[in-house]
>>> print(open('model.cif').read())   # mmCIF, C-alpha atoms and all ligand atoms
data_structure
#
loop_
_atom_site.group_PDB
_atom_site.id
_atom_site.type_symbol
_atom_site.label_atom_id
_atom_site.label_comp_id
_atom_site.auth_asym_id
_atom_site.auth_seq_id
_atom_site.Cartn_x
_atom_site.Cartn_y
_atom_site.Cartn_z
ATOM 1 C CA MET A 126 -23.481 -15.362 -3.696
ATOM 2 C CA ASN A 127 -26.745 -14.293 -5.296
ATOM 3 C CA LEU A 128 -27.663 -10.621 -4.862
ATOM 4 C CA ALA A 129 -29.838 -10.392 -7.961
ATOM 5 C CA GLY A 130 -32.185 -7.421 -7.834
ATOM 6 C CA LYS A 131 -30.365 -5.706 -4.960
ATOM 7 C CA ARG A 132 -29.751 -1.986 -5.438
ATOM 8 C CA VAL A 133 -26.380 -0.821 -4.103
ATOM 9 C CA LEU A 134 -24.553 2.501 -3.724
ATOM 10 C CA VAL A 135 -20.763 2.253 -3.313
ATOM 11 C CA THR A 136 -19.061 5.522 -2.393
ATOM 12 C CA GLY A 137 -15.527 5.807 -3.711
ATOM 13 C CA GLY A 138 -16.324 3.030 -6.179
ATOM 14 C CA THR A 139 -13.986 4.198 -8.931
ATOM 15 C CA ARG A 140 -10.823 2.422 -7.776
ATOM 16 C CA GLY A 141 -9.235 0.343 -5.027
ATOM 17 C CA ILE A 142 -11.481 -1.392 -2.505
ATOM 18 C CA GLY A 143 -14.576 0.426 -3.772
ATOM 19 C CA ARG A 144 -13.969 -0.654 -7.362
ATOM 20 C CA ALA A 145 -13.431 -4.292 -6.288
ATOM 21 C CA THR A 146 -16.659 -4.062 -4.276
ATOM 22 C CA VAL A 147 -18.581 -2.722 -7.276
ATOM 23 C CA GLU A 148 -17.241 -5.610 -9.377
ATOM 24 C CA ALA A 149 -18.181 -8.180 -6.715
ATOM 25 C CA PHE A 150 -21.752 -6.839 -6.420
ATOM 26 C CA LEU A 151 -22.144 -6.851 -10.210
ATOM 27 C CA GLN A 152 -20.814 -10.408 -10.308
ATOM 28 C CA ALA A 153 -23.469 -11.369 -7.748
ATOM 29 C CA GLY A 154 -26.231 -9.910 -9.938
ATOM 30 C CA ALA A 155 -26.833 -6.603 -8.138
ATOM 31 C CA ARG A 156 -27.327 -3.174 -9.716
ATOM 32 C CA VAL A 157 -24.787 -0.633 -8.534
ATOM 33 C CA ALA A 158 -24.536 3.159 -8.375
ATOM 34 C CA VAL A 159 -20.852 4.075 -8.545
ATOM 35 C CA ASN A 160 -19.673 7.205 -6.762
ATOM 36 C CA GLY A 161 -16.375 9.046 -7.144
ATOM 37 C CA SER A 162 -15.391 12.659 -6.606
ATOM 38 C CA SER A 163 -15.744 13.675 -10.272
ATOM 39 C CA ALA A 164 -17.904 12.870 -13.286
ATOM 40 C CA ALA A 165 -14.711 11.995 -15.179
ATOM 41 C CA SER A 166 -13.461 9.417 -12.635
ATOM 42 C CA VAL A 167 -16.899 7.790 -12.507
ATOM 43 C CA SER A 168 -17.431 7.626 -16.266
ATOM 44 C CA SER A 169 -13.968 6.161 -16.755
ATOM 45 C CA ALA A 170 -14.718 3.511 -14.084
ATOM 46 C CA LEU A 171 -18.091 2.695 -15.684
ATOM 47 C CA ALA A 172 -16.450 2.297 -19.088
ATOM 48 C CA GLY A 173 -14.018 -0.221 -17.582
ATOM 49 C CA LEU A 174 -16.766 -2.244 -15.890
ATOM 50 C CA GLY A 175 -18.685 -3.025 -19.058
ATOM 51 C CA ALA A 176 -21.824 -3.753 -17.004
ATOM 52 C CA GLY A 177 -24.292 -1.892 -19.208
ATOM 53 C CA ASP A 178 -27.234 -0.385 -17.338
ATOM 54 C CA ARG A 179 -26.595 -2.515 -14.220
ATOM 55 C CA ALA A 180 -23.960 0.091 -13.224
ATOM 56 C CA VAL A 181 -25.014 3.747 -13.040
ATOM 57 C CA ALA A 182 -23.133 6.950 -12.287
ATOM 58 C CA ALA A 183 -23.491 8.804 -8.977
ATOM 59 C CA PRO A 184 -20.597 11.282 -9.036
ATOM 60 C CA GLY A 185 -20.162 13.963 -6.386
ATOM 61 C CA ASP A 186 -17.728 15.360 -3.855
ATOM 62 C CA LEU A 187 -18.591 13.812 -0.497
ATOM 63 C CA GLY A 188 -16.400 16.354 1.258
ATOM 64 C CA GLN A 189 -19.460 18.636 1.132
ATOM 65 C CA VAL A 190 -22.722 17.770 2.914
ATOM 66 C CA PRO A 191 -24.894 18.849 -0.077
ATOM 67 C CA GLY A 192 -22.696 16.542 -2.191
ATOM 68 C CA CYS A 193 -23.612 13.627 0.100
ATOM 69 C CA GLN A 194 -27.316 14.386 -0.319
ATOM 70 C CA GLN A 195 -27.082 14.729 -4.113
ATOM 71 C CA VAL A 196 -25.115 11.492 -4.513
ATOM 72 C CA VAL A 197 -27.588 9.478 -2.429
ATOM 73 C CA GLU A 198 -30.635 11.041 -4.116
ATOM 74 C CA ARG A 199 -29.195 10.378 -7.552
ATOM 75 C CA ALA A 200 -28.437 6.752 -6.694
ATOM 76 C CA VAL A 201 -31.925 6.175 -5.261
ATOM 77 C CA ALA A 202 -33.556 7.796 -8.314
ATOM 78 C CA SER A 203 -31.426 5.865 -10.830
ATOM 79 C CA LEU A 204 -31.841 2.500 -9.109
ATOM 80 C CA GLY A 205 -35.493 2.985 -8.090
ATOM 81 C CA GLY A 206 -34.640 2.568 -4.392
ATOM 82 C CA LEU A 207 -31.742 1.378 -2.275
ATOM 83 C CA ASP A 208 -31.055 -1.904 -0.480
ATOM 84 C CA ILE A 209 -27.370 -1.507 0.406
ATOM 85 C CA LEU A 210 -25.136 1.496 1.131
ATOM 86 C CA VAL A 211 -21.380 0.922 1.233
ATOM 87 C CA ASN A 212 -19.640 3.922 2.797
ATOM 88 C CA ASN A 213 -16.166 3.316 1.399
ATOM 89 C CA ALA A 214 -14.781 6.641 0.087
ATOM 90 C CA GLY A 215 -11.789 7.800 2.092
ATOM 91 C CA VAL A 216 -8.503 9.655 2.057
ATOM 92 C CA GLY A 217 -5.174 9.047 3.813
ATOM 93 C CA SER A 218 -3.365 12.402 3.977
ATOM 94 C CA PRO A 219 -0.531 11.590 6.421
ATOM 95 C CA LYS A 220 1.055 14.515 8.290
ATOM 96 C CA PRO A 221 2.856 14.792 11.648
ATOM 97 C CA PHE A 222 0.329 15.653 14.364
ATOM 98 C CA GLU A 223 2.056 18.884 15.371
ATOM 99 C CA GLU A 224 1.942 20.208 11.789
ATOM 100 C CA THR A 225 -1.769 19.557 11.227
ATOM 101 C CA THR A 226 -4.173 22.467 10.776
ATOM 102 C CA ALA A 227 -7.934 22.950 10.816
ATOM 103 C CA VAL A 228 -7.821 22.779 7.007
ATOM 104 C CA ASP A 229 -6.195 19.315 7.223
ATOM 105 C CA TRP A 230 -8.830 18.249 9.748
ATOM 106 C CA ASP A 231 -11.627 19.219 7.349
ATOM 107 C CA ALA A 232 -9.911 17.617 4.337
ATOM 108 C CA THR A 233 -9.685 14.241 6.088
ATOM 109 C CA VAL A 234 -12.520 14.114 8.604
ATOM 110 C CA ASN A 235 -15.172 15.554 6.274
ATOM 111 C CA ILE A 236 -14.710 12.654 3.854
ATOM 112 C CA ASN A 237 -13.745 9.810 6.185
ATOM 113 C CA LEU A 238 -16.342 10.468 8.893
ATOM 114 C CA ARG A 239 -18.786 13.299 8.091
ATOM 115 C CA ALA A 240 -19.640 11.805 4.687
ATOM 116 C CA VAL A 241 -20.343 8.416 6.288
ATOM 117 C CA TYR A 242 -22.698 10.149 8.709
ATOM 118 C CA PHE A 243 -24.571 12.215 6.118
ATOM 119 C CA CYS A 244 -24.697 9.648 3.299
ATOM 120 C CA THR A 245 -26.264 7.272 5.806
ATOM 121 C CA LYS A 246 -28.695 9.932 7.033
ATOM 122 C CA TYR A 247 -29.882 10.699 3.499
ATOM 123 C CA ALA A 248 -30.081 7.010 2.592
ATOM 124 C CA VAL A 249 -32.166 5.994 5.621
ATOM 125 C CA PRO A 250 -35.653 6.616 4.138
ATOM 126 C CA ALA A 251 -34.914 4.407 1.109
ATOM 127 C CA LEU A 252 -33.069 1.800 3.207
ATOM 128 C CA ARG A 253 -35.977 1.653 5.666
ATOM 129 C CA ARG A 254 -38.442 1.005 2.832
ATOM 130 C CA ALA A 255 -36.212 -1.792 1.557
ATOM 131 C CA LYS A 256 -35.276 -3.198 5.021
ATOM 132 C CA GLY A 257 -31.746 -2.678 3.794
ATOM 133 C CA ASN A 258 -28.330 -2.339 5.343
ATOM 134 C CA VAL A 259 -25.178 -0.242 5.567
ATOM 135 C CA VAL A 260 -21.570 -1.444 5.425
ATOM 136 C CA ASN A 261 -18.977 1.085 6.544
ATOM 137 C CA VAL A 262 -15.312 0.773 5.590
ATOM 138 C CA ALA A 263 -13.168 1.955 8.512
ATOM 139 C CA SER A 264 -9.670 0.572 9.197
ATOM 140 C CA ILE A 265 -7.671 -1.227 11.869
ATOM 141 C CA LEU A 266 -6.435 2.329 12.477
ATOM 142 C CA GLY A 267 -9.926 2.990 13.819
ATOM 143 C CA LEU A 268 -9.225 0.384 16.515
ATOM 144 C CA GLY A 269 -5.636 1.228 17.417
ATOM 145 C CA GLY A 270 -3.063 3.943 16.810
ATOM 146 C CA ARG A 271 0.105 3.924 14.722
ATOM 147 C CA GLY A 272 1.992 7.043 15.801
ATOM 148 C CA ALA A 273 3.128 7.745 12.245
ATOM 149 C CA GLY A 274 1.489 10.966 11.155
ATOM 150 C CA LEU A 275 -1.944 9.379 10.879
ATOM 151 C CA SER A 276 -3.731 11.147 13.740
ATOM 152 C CA LEU A 277 -6.500 12.576 11.532
ATOM 153 C CA TYR A 278 -7.000 9.228 9.817
ATOM 154 C CA CYS A 279 -7.116 7.389 13.166
ATOM 155 C CA ALA A 280 -9.531 9.924 14.659
ATOM 156 C CA SER A 281 -11.874 9.729 11.670
ATOM 157 C CA LYS A 282 -11.829 5.927 11.403
ATOM 158 C CA GLY A 283 -12.356 5.533 15.165
ATOM 159 C CA GLY A 284 -15.430 7.715 14.682
ATOM 160 C CA VAL A 285 -16.718 5.435 11.930
ATOM 161 C CA VAL A 286 -16.310 2.386 14.171
ATOM 162 C CA ASN A 287 -18.355 3.823 17.029
ATOM 163 C CA LEU A 288 -20.883 5.500 14.713
ATOM 164 C CA THR A 289 -21.520 2.005 13.330
ATOM 165 C CA ARG A 290 -22.337 0.679 16.775
ATOM 166 C CA ASP A 291 -24.640 3.578 17.623
ATOM 167 C CA LEU A 292 -26.553 3.520 14.327
ATOM 168 C CA ALA A 293 -26.928 -0.253 14.524
ATOM 169 C CA ILE A 294 -28.940 0.324 17.694
ATOM 170 C CA GLU A 295 -30.874 3.427 16.596
ATOM 171 C CA LEU A 296 -31.812 2.087 13.150
ATOM 172 C CA ALA A 297 -32.726 -1.437 14.315
ATOM 173 C CA PRO A 298 -34.727 -3.458 13.539
ATOM 174 C CA ASP A 299 -35.268 -1.991 10.048
ATOM 175 C CA ILE A 300 -31.690 -1.357 8.930
ATOM 176 C CA ARG A 301 -28.563 -3.363 9.780
ATOM 177 C CA VAL A 302 -25.295 -1.406 10.104
ATOM 178 C CA ASN A 303 -21.885 -3.095 10.104
ATOM 179 C CA CYS A 304 -18.271 -2.107 9.676
ATOM 180 C CA ILE A 305 -15.204 -3.633 8.025
ATOM 181 C CA CYS A 306 -11.753 -2.737 9.350
ATOM 182 C CA PRO A 307 -9.172 -3.635 6.705
ATOM 183 C CA GLY A 308 -5.451 -3.852 7.360
ATOM 184 C CA ALA A 309 -3.055 -2.962 4.547
ATOM 185 C CA VAL A 310 -4.645 -3.385 1.097
ATOM 186 C CA ASP A 311 -2.935 -3.019 -2.286
ATOM 187 C CA THR A 312 -4.592 0.133 -3.659
ATOM 188 C CA GLU A 313 -3.361 3.551 -4.775
ATOM 189 C CA MET A 314 -3.702 4.732 -1.163
ATOM 190 C CA LEU A 315 -1.199 2.112 0.083
ATOM 191 C CA GLN A 316 1.055 2.143 -2.993
ATOM 192 C CA GLU A 317 2.216 5.614 -1.959
ATOM 193 C CA LEU A 318 3.432 4.191 1.377
ATOM 194 C CA GLY A 319 4.907 1.135 -0.383
ATOM 195 C CA ARG A 320 6.860 3.377 -2.751
ATOM 196 C CA SER A 321 8.223 5.475 0.069
ATOM 197 C CA LEU A 322 9.213 2.469 2.244
ATOM 198 C CA GLY A 323 10.769 0.672 -0.741
ATOM 199 C CA LYS A 324 12.525 3.798 -2.073
ATOM 200 C CA GLY A 325 10.476 3.721 -5.269
ATOM 201 C CA ASP A 326 9.842 -0.060 -5.368
ATOM 202 C CA VAL A 327 6.292 -0.766 -4.130
ATOM 203 C CA THR A 328 6.819 -4.556 -3.854
ATOM 204 C CA ALA A 329 9.965 -4.060 -1.770
ATOM 205 C CA GLY A 330 8.076 -1.538 0.354
ATOM 206 C CA TYR A 331 5.234 -4.010 0.962
ATOM 207 C CA ALA A 332 7.804 -6.664 1.977
ATOM 208 C CA ILE A 333 9.222 -4.283 4.594
ATOM 209 C CA LEU A 334 5.732 -3.331 5.786
ATOM 210 C CA THR A 335 4.575 -6.934 6.217
ATOM 211 C CA GLN A 336 7.763 -8.734 7.311
ATOM 212 C CA ASN A 337 6.526 -9.031 10.916
ATOM 213 C CA ARG A 338 2.868 -9.585 10.031
ATOM 214 C CA PRO A 339 1.309 -13.081 10.222
ATOM 215 C CA MET A 340 0.319 -13.358 6.541
ATOM 216 C CA LYS A 341 3.519 -11.651 5.253
ATOM 217 C CA ARG A 342 1.588 -9.802 2.550
ATOM 218 C CA VAL A 343 -0.930 -7.033 1.988
ATOM 219 C CA ALA A 344 -4.529 -7.855 1.036
ATOM 220 C CA ARG A 345 -5.979 -7.793 -2.453
ATOM 221 C CA ALA A 346 -8.905 -5.350 -2.712
ATOM 222 C CA SER A 347 -11.160 -8.289 -3.674
ATOM 223 C CA GLU A 348 -10.485 -9.886 -0.258
ATOM 224 C CA ILE A 349 -12.037 -6.854 1.431
ATOM 225 C CA ALA A 350 -14.918 -6.807 -1.075
ATOM 226 C CA ASN A 351 -15.730 -10.424 -0.147
ATOM 227 C CA ALA A 352 -16.216 -9.433 3.496
ATOM 228 C CA ILE A 353 -18.356 -6.436 2.491
ATOM 229 C CA LEU A 354 -20.617 -8.684 0.404
ATOM 230 C CA TYR A 355 -21.105 -11.075 3.302
ATOM 231 C CA PHE A 356 -22.310 -8.295 5.634
ATOM 232 C CA ALA A 357 -24.519 -6.820 2.897
ATOM 233 C CA SER A 358 -26.146 -10.182 2.127
ATOM 234 C CA ASP A 359 -28.884 -12.179 3.823
ATOM 235 C CA LEU A 360 -26.182 -14.554 5.104
ATOM 236 C CA ALA A 361 -25.670 -11.829 7.731
ATOM 237 C CA SER A 362 -29.401 -11.308 8.397
ATOM 238 C CA PHE A 363 -28.916 -11.338 12.213
ATOM 239 C CA VAL A 364 -25.622 -9.414 12.165
ATOM 240 C CA THR A 365 -25.711 -5.737 13.078
ATOM 241 C CA GLY A 366 -23.325 -3.482 15.009
ATOM 242 C CA SER A 367 -20.485 -5.825 14.105
ATOM 243 C CA ILE A 368 -16.944 -4.510 13.642
ATOM 244 C CA GLN A 369 -15.089 -7.033 11.472
ATOM 245 C CA VAL A 370 -11.316 -6.917 11.175
ATOM 246 C CA VAL A 371 -10.000 -8.158 7.797
ATOM 247 C CA ASP A 372 -6.284 -7.705 8.326
ATOM 248 C CA GLY A 373 -4.449 -11.009 7.892
ATOM 249 C CA GLY A 374 -4.016 -11.371 11.662
ATOM 250 C CA VAL A 375 -2.350 -8.037 12.424
ATOM 251 C CA MET A 376 -4.694 -7.161 15.311
ATOM 252 C CA ALA A 377 -4.437 -10.687 16.700
ATOM 253 C CA LYS A 378 -0.847 -9.987 17.745
ATOM 254 C CA ALA A 379 -0.119 -8.600 21.212
ATOM 255 C CA GLY A 380 3.051 -6.518 20.933
HETATM 256 N N1 LIG B 1 -5.763 0.686 1.158
HETATM 257 C C1 LIG B 1 -5.636 0.374 2.429
HETATM 258 O O1 LIG B 1 -4.610 -0.161 2.883
HETATM 259 C C2 LIG B 1 -6.779 0.631 3.384
HETATM 260 C C3 LIG B 1 -6.702 0.074 4.675
HETATM 261 C C4 LIG B 1 -7.733 0.286 5.576
HETATM 262 C C5 LIG B 1 -8.832 1.035 5.200
HETATM 263 N N2 LIG B 1 -8.890 1.573 3.939
HETATM 264 C C6 LIG B 1 -10.083 2.356 3.626
HETATM 265 O O2 LIG B 1 -10.739 1.782 2.516
HETATM 266 C C7 LIG B 1 -11.425 2.794 1.785
HETATM 267 C C8 LIG B 1 -11.002 2.733 0.322
HETATM 268 O O3 LIG B 1 -9.603 2.935 0.279
HETATM 269 P P1 LIG B 1 -8.710 2.601 -1.009
HETATM 270 O O4 LIG B 1 -7.418 2.124 -0.472
HETATM 271 O O5 LIG B 1 -9.477 1.782 -1.953
HETATM 272 O O6 LIG B 1 -8.488 4.092 -1.545
HETATM 273 P P2 LIG B 1 -8.187 4.661 -3.011
HETATM 274 O O7 LIG B 1 -7.678 3.604 -3.912
HETATM 275 O O8 LIG B 1 -7.370 5.870 -2.766
HETATM 276 O O9 LIG B 1 -9.652 5.084 -3.519
HETATM 277 C C9 LIG B 1 -10.345 6.093 -2.835
HETATM 278 C C10 LIG B 1 -11.748 6.209 -3.399
HETATM 279 O O10 LIG B 1 -12.427 7.242 -2.649
HETATM 280 C C11 LIG B 1 -12.948 8.189 -3.573
HETATM 281 N N3 LIG B 1 -12.940 9.531 -2.985
HETATM 282 C C12 LIG B 1 -11.913 10.188 -2.405
HETATM 283 N N4 LIG B 1 -12.299 11.429 -2.041
HETATM 284 C C13 LIG B 1 -13.604 11.548 -2.413
HETATM 285 C C14 LIG B 1 -14.561 12.594 -2.327
HETATM 286 N N5 LIG B 1 -14.260 13.780 -1.784
HETATM 287 N N6 LIG B 1 -15.803 12.370 -2.814
HETATM 288 C C15 LIG B 1 -16.131 11.186 -3.382
HETATM 289 N N7 LIG B 1 -15.254 10.158 -3.492
HETATM 290 C C16 LIG B 1 -14.018 10.337 -3.015
HETATM 291 C C17 LIG B 1 -12.057 8.126 -4.788
HETATM 292 O O11 LIG B 1 -12.792 8.620 -5.890
HETATM 293 P P3 LIG B 1 -12.092 9.402 -7.132
HETATM 294 O O12 LIG B 1 -11.337 8.331 -7.841
HETATM 295 O O13 LIG B 1 -13.212 9.913 -7.916
HETATM 296 O O14 LIG B 1 -11.222 10.446 -6.537
HETATM 297 C C18 LIG B 1 -11.757 6.630 -4.868
HETATM 298 O O15 LIG B 1 -12.809 5.962 -5.529
HETATM 299 C C19 LIG B 1 -11.061 4.121 2.454
HETATM 300 O O16 LIG B 1 -12.085 4.490 3.344
HETATM 301 C C20 LIG B 1 -9.796 3.781 3.216
HETATM 302 O O17 LIG B 1 -9.587 4.623 4.309
HETATM 303 C C21 LIG B 1 -7.902 1.384 3.022
#
>>> encode(input="model.cif", output="structure tokens", more="lines below")
Ligand SMILES: NC(=O)c1ccc[n+]([C@@H]2O[C@H](COP(=O)([O-])OP(=O)(O)OC[C@H]3O[C@@H](n4cnc5c(N)ncnc54)[C@H](OP(=O)(O)O)[C@@H]3O)[C@@H](O)[C@H]2O)c1
Amino acid sequence: MNLAGKRVLVTGGTRGIGRATVEAFLQAGARVAVNGSSAASVSSALAGLGAGDRAVAAPGDLGQVPGCQQVVERAVASLGGLDILVNNAGVGSPKPFEETTAVDWDATVNINLRAVYFCTKYAVPALRRAKGNVVNVASILGLGGRGAGLSLYCASKGGVVNLTRDLAIELAPDIRVNCICPGAVDTEMLQELGRSLGKGDVTAGYAILTQNRPMKRVARASEIANAILYFASDLASFVTGSIQVVDGGVMAKAG
């Protein structure tokens, strides 16, 4: 895929799915602003990428609305505009529903949903100028429940799914807005679950997690990045408001 000259902001681009997405955009010739919650996490990611001035730093805590504005403004200034926004940053934070507090709500929903809303809002003027697009990273847990202490995660990701649909309509025809819903992906976020299921052995935990799933494995982060690049590219020039599951067939199963 050729995305030469495209200017991209990836939130949560320091590791996991975001990092794989940054690498895929760089591979395709784009210039990328990499966000993470701290200057240290971003500079360490940039050092590992070895992309020279095609990758620039856009650190900032997206849990705060002013942080969202600063990150977007910095990315637009460093890249000289913006063609593609990937709203990927997210947190898991499992906790039984009955133990959750308003503090837990803010800690999860402010990053998983509010930051998607406000990063997009602040990016719209630049995206409109560029006739650009937004790719949101939700989850299959935005389409169905799990009943395993993930109520805040499910609520926030469900919000991202329907926000995608609404913005696709309101921002058309200038800006396309799409959403990827990954299943289980091998990143730090999932390794915690793998370790707990496998009693310290992540691989054994993944085997337990996926034994009844069609593909019998978790995804590599690059497999999610590939889908993100498709939606961000001109191959998807007539695709907006689309919610794309990338889950190895999990949601295809009834019961
Ligand atoms: N892994 C899965 O199985 C899975 C499945 C479905 C959906 N997802 C979704 O995919 C996205 C990426 O997940 P992942 O598995 O790659 O997670 P991860 O490995 O835990 O990485 C999370 C990323 O988000 C950033 N981040 C967290 N809090 C932030 C904040 N307050 N401000 C700015 N950046 C922040 C982190 O930056 P720092 O490094 O700077 O903290 C990091 O780059 C998330 O939205 C997640 O919900 C993941």
>>> residues_near_ligand(input="model.cif", ligand="ligand LIG 1 (chain B)", cutoff="6 Å", atoms="only C-alpha atoms and all ligand atoms", output="tab-separated table (two decimals) with C-alpha atoms, in the coordinates of the input")
chain	number	residue	atom	x	y	z
A	137	GLY	CA	-15.53	5.81	-3.71
A	138	GLY	CA	-16.32	3.03	-6.18
A	139	THR	CA	-13.99	4.20	-8.93
A	140	ARG	CA	-10.82	2.42	-7.78
A	141	GLY	CA	-9.24	0.34	-5.03
A	142	ILE	CA	-11.48	-1.39	-2.50
A	143	GLY	CA	-14.58	0.43	-3.77
A	161	GLY	CA	-16.38	9.05	-7.14
A	162	SER	CA	-15.39	12.66	-6.61
A	163	SER	CA	-15.74	13.68	-10.27
A	166	SER	CA	-13.46	9.42	-12.64
A	185	GLY	CA	-20.16	13.96	-6.39
A	186	ASP	CA	-17.73	15.36	-3.86
A	187	LEU	CA	-18.59	13.81	-0.50
A	188	GLY	CA	-16.40	16.35	1.26
A	213	ASN	CA	-16.17	3.32	1.40
A	214	ALA	CA	-14.78	6.64	0.09
A	215	GLY	CA	-11.79	7.80	2.09
A	216	VAL	CA	-8.50	9.65	2.06
A	236	ILE	CA	-14.71	12.65	3.85
A	262	VAL	CA	-15.31	0.77	5.59
A	263	ALA	CA	-13.17	1.96	8.51
A	264	SER	CA	-9.67	0.57	9.20
A	307	PRO	CA	-9.17	-3.64	6.70
A	308	GLY	CA	-5.45	-3.85	7.36
A	309	ALA	CA	-3.06	-2.96	4.55
A	310	VAL	CA	-4.64	-3.38	1.10
A	311	ASP	CA	-2.94	-3.02	-2.29
A	312	THR	CA	-4.59	0.13	-3.66
A	313	GLU	CA	-3.36	3.55	-4.78
A	314	MET	CA	-3.70	4.73	-1.16
A	315	LEU	CA	-1.20	2.11	0.08
>>> resolve_selection(input="model.cif", expression="the PyMOL selection byres (((chain A and resi 354) around 10) and not hetatm)", output="PyMOL selection string")
chain A and resi 126+128+146-147+149-150+153+209+211+260+349-353+355-361
>>> write_last_selection(input="model.cif", atoms="C-alpha atoms", output="short mmCIF file (atom, residue, chain, number, x, y, z; two decimals), in the coordinates of the input")
data_model
loop_
_atom_site.label_atom_id
_atom_site.label_comp_id
_atom_site.auth_asym_id
_atom_site.auth_seq_id
_atom_site.Cartn_x
_atom_site.Cartn_y
_atom_site.Cartn_z
CA MET A 126 -23.48 -15.36 -3.70
CA LEU A 128 -27.66 -10.62 -4.86
CA THR A 146 -16.66 -4.06 -4.28
CA VAL A 147 -18.58 -2.72 -7.28
CA ALA A 149 -18.18 -8.18 -6.72
CA PHE A 150 -21.75 -6.84 -6.42
CA ALA A 153 -23.47 -11.37 -7.75
CA ILE A 209 -27.37 -1.51 0.41
CA VAL A 211 -21.38 0.92 1.23
CA VAL A 260 -21.57 -1.44 5.42
CA ILE A 349 -12.04 -6.85 1.43
CA ALA A 350 -14.92 -6.81 -1.08
CA ASN A 351 -15.73 -10.42 -0.15
CA ALA A 352 -16.22 -9.43 3.50
CA ILE A 353 -18.36 -6.44 2.49
CA TYR A 355 -21.10 -11.08 3.30
CA PHE A 356 -22.31 -8.30 5.63
CA ALA A 357 -24.52 -6.82 2.90
CA SER A 358 -26.15 -10.18 2.13
CA ASP A 359 -28.88 -12.18 3.82
CA LEU A 360 -26.18 -14.55 5.10
CA ALA A 361 -25.67 -11.83 7.73
#
>>> closest_residue(input="model.cif", among="A:Asn337, A:Thr225, A:Thr289, A:Ser203", to="A:Tyr242", atoms="only C-alpha atoms")
A:Thr289
>>> resolve_selection(input="model.cif", expression="the PyMOL selection byres (((chain A and resi 171) around 12) and not hetatm)", output="ChimeraX atom specification")
/A:138-140,144,147-148,151,157-161,164-170,172-184
>>> residues_around(input="model.cif", residues="A:Pro250", least_positions_apart="6", cutoff="12 Å", atoms="only C-alpha atoms", output="list in words")
Val197, Glu198, Val201, Gly206, Leu207, Asp208, Cys244, Lys256, Gly257, Asn258, Leu296, Asp299 and Ile300 of chain A
>>> atom_distance(input="model.cif", atom1="atom CA of A:Ala200", atom2="atom CA of A:Ile265")
29.0 Å
>>> atom_distance(input="model.cif", atom1="atom CA of A:Leu322", atom2="atom CA of A:Val343")
13.9 Å
>>> atom_distance(input="model.cif", atom1="atom CA of A:Thr136", atom2="atom CA of A:Gly192")
11.6 Å
>>> closest_residue(input="model.cif", among="A:Gly323, A:Gly274, A:Gly130, A:Gly267", to="A:Leu204", atoms="only C-alpha atoms")
A:Gly130
>>> axis_aligned_box(input="model.cif", around="stretch 149-162 of chain A", padding_each_side="3 Å", output="JSON")
{"center_x": -21.4, "center_y": 0.6, "center_z": -8.4, "size_x": 17.9, "size_y": 30.0, "size_z": 9.9}
>>> closest_residue(input="model.cif", among="A:Ser281, A:Thr233, A:Ser362, A:Gln194", to="A:Val249", atoms="only C-alpha atoms")
A:Gln194
>>> closest_residue(input="model.cif", among="A:Thr365, A:Ser321, A:Thr245, A:Thr328", to="A:Ile305", atoms="all atoms listed in the file")
A:Thr365
>>> closest_residue(input="model.cif", among="A:Ala155, A:Val259, A:Val302, A:Ala293", to="A:Lys131", atoms="all atoms listed in the file")
A:Ala155
>>> resolve_selection(input="model.cif", expression="the PyMOL selection byres (((chain A and resi 220) around 12) and not hetatm)", output="list in words")
Gly217, Ser218, Pro219, Pro221, Phe222, Glu223, Glu224, Thr225, Thr226, Asp229, Trp230, Thr233, Gly272, Ala273, Gly274, Leu275, Ser276, Leu277, Tyr278 and Cys279 of chain A
>>> closest_residue(input="model.cif", among="A:Leu288, A:Ala280, A:Ala332, A:Ala129", to="A:Gln152", atoms="only C-alpha atoms")
A:Ala129
>>> build_atoms(input="model.cif", residues="stretch 252-259 of chain A", atoms="N, CA and C atoms", output="short mmCIF file (atom, residue, chain, number, x, y, z; two decimals), keeping the file's coordinate frame")
data_model
loop_
_atom_site.label_atom_id
_atom_site.label_comp_id
_atom_site.auth_asym_id
_atom_site.auth_seq_id
_atom_site.Cartn_x
_atom_site.Cartn_y
_atom_site.Cartn_z
N LEU A 252 -33.50 3.06 2.58
CA LEU A 252 -33.07 1.80 3.21
C LEU A 252 -34.16 1.23 4.11
N ARG A 253 -34.89 2.11 4.79
CA ARG A 253 -35.98 1.65 5.67
C ARG A 253 -37.08 0.97 4.85
N ARG A 254 -37.41 1.60 3.71
CA ARG A 254 -38.44 1.00 2.83
C ARG A 254 -38.01 -0.38 2.37
N ALA A 255 -36.71 -0.53 2.12
CA ALA A 255 -36.21 -1.79 1.56
C ALA A 255 -35.80 -2.79 2.64
N LYS A 256 -35.86 -2.38 3.93
CA LYS A 256 -35.28 -3.20 5.02
C LYS A 256 -33.83 -3.56 4.64
N GLY A 257 -33.09 -2.50 4.34
CA GLY A 257 -31.75 -2.68 3.79
C GLY A 257 -30.66 -2.63 4.85
N ASN A 258 -29.45 -2.39 4.39
CA ASN A 258 -28.33 -2.34 5.34
C ASN A 258 -27.20 -1.45 4.86
N VAL A 259 -26.33 -1.11 5.81
CA VAL A 259 -25.18 -0.24 5.57
C VAL A 259 -23.92 -1.01 5.93
#
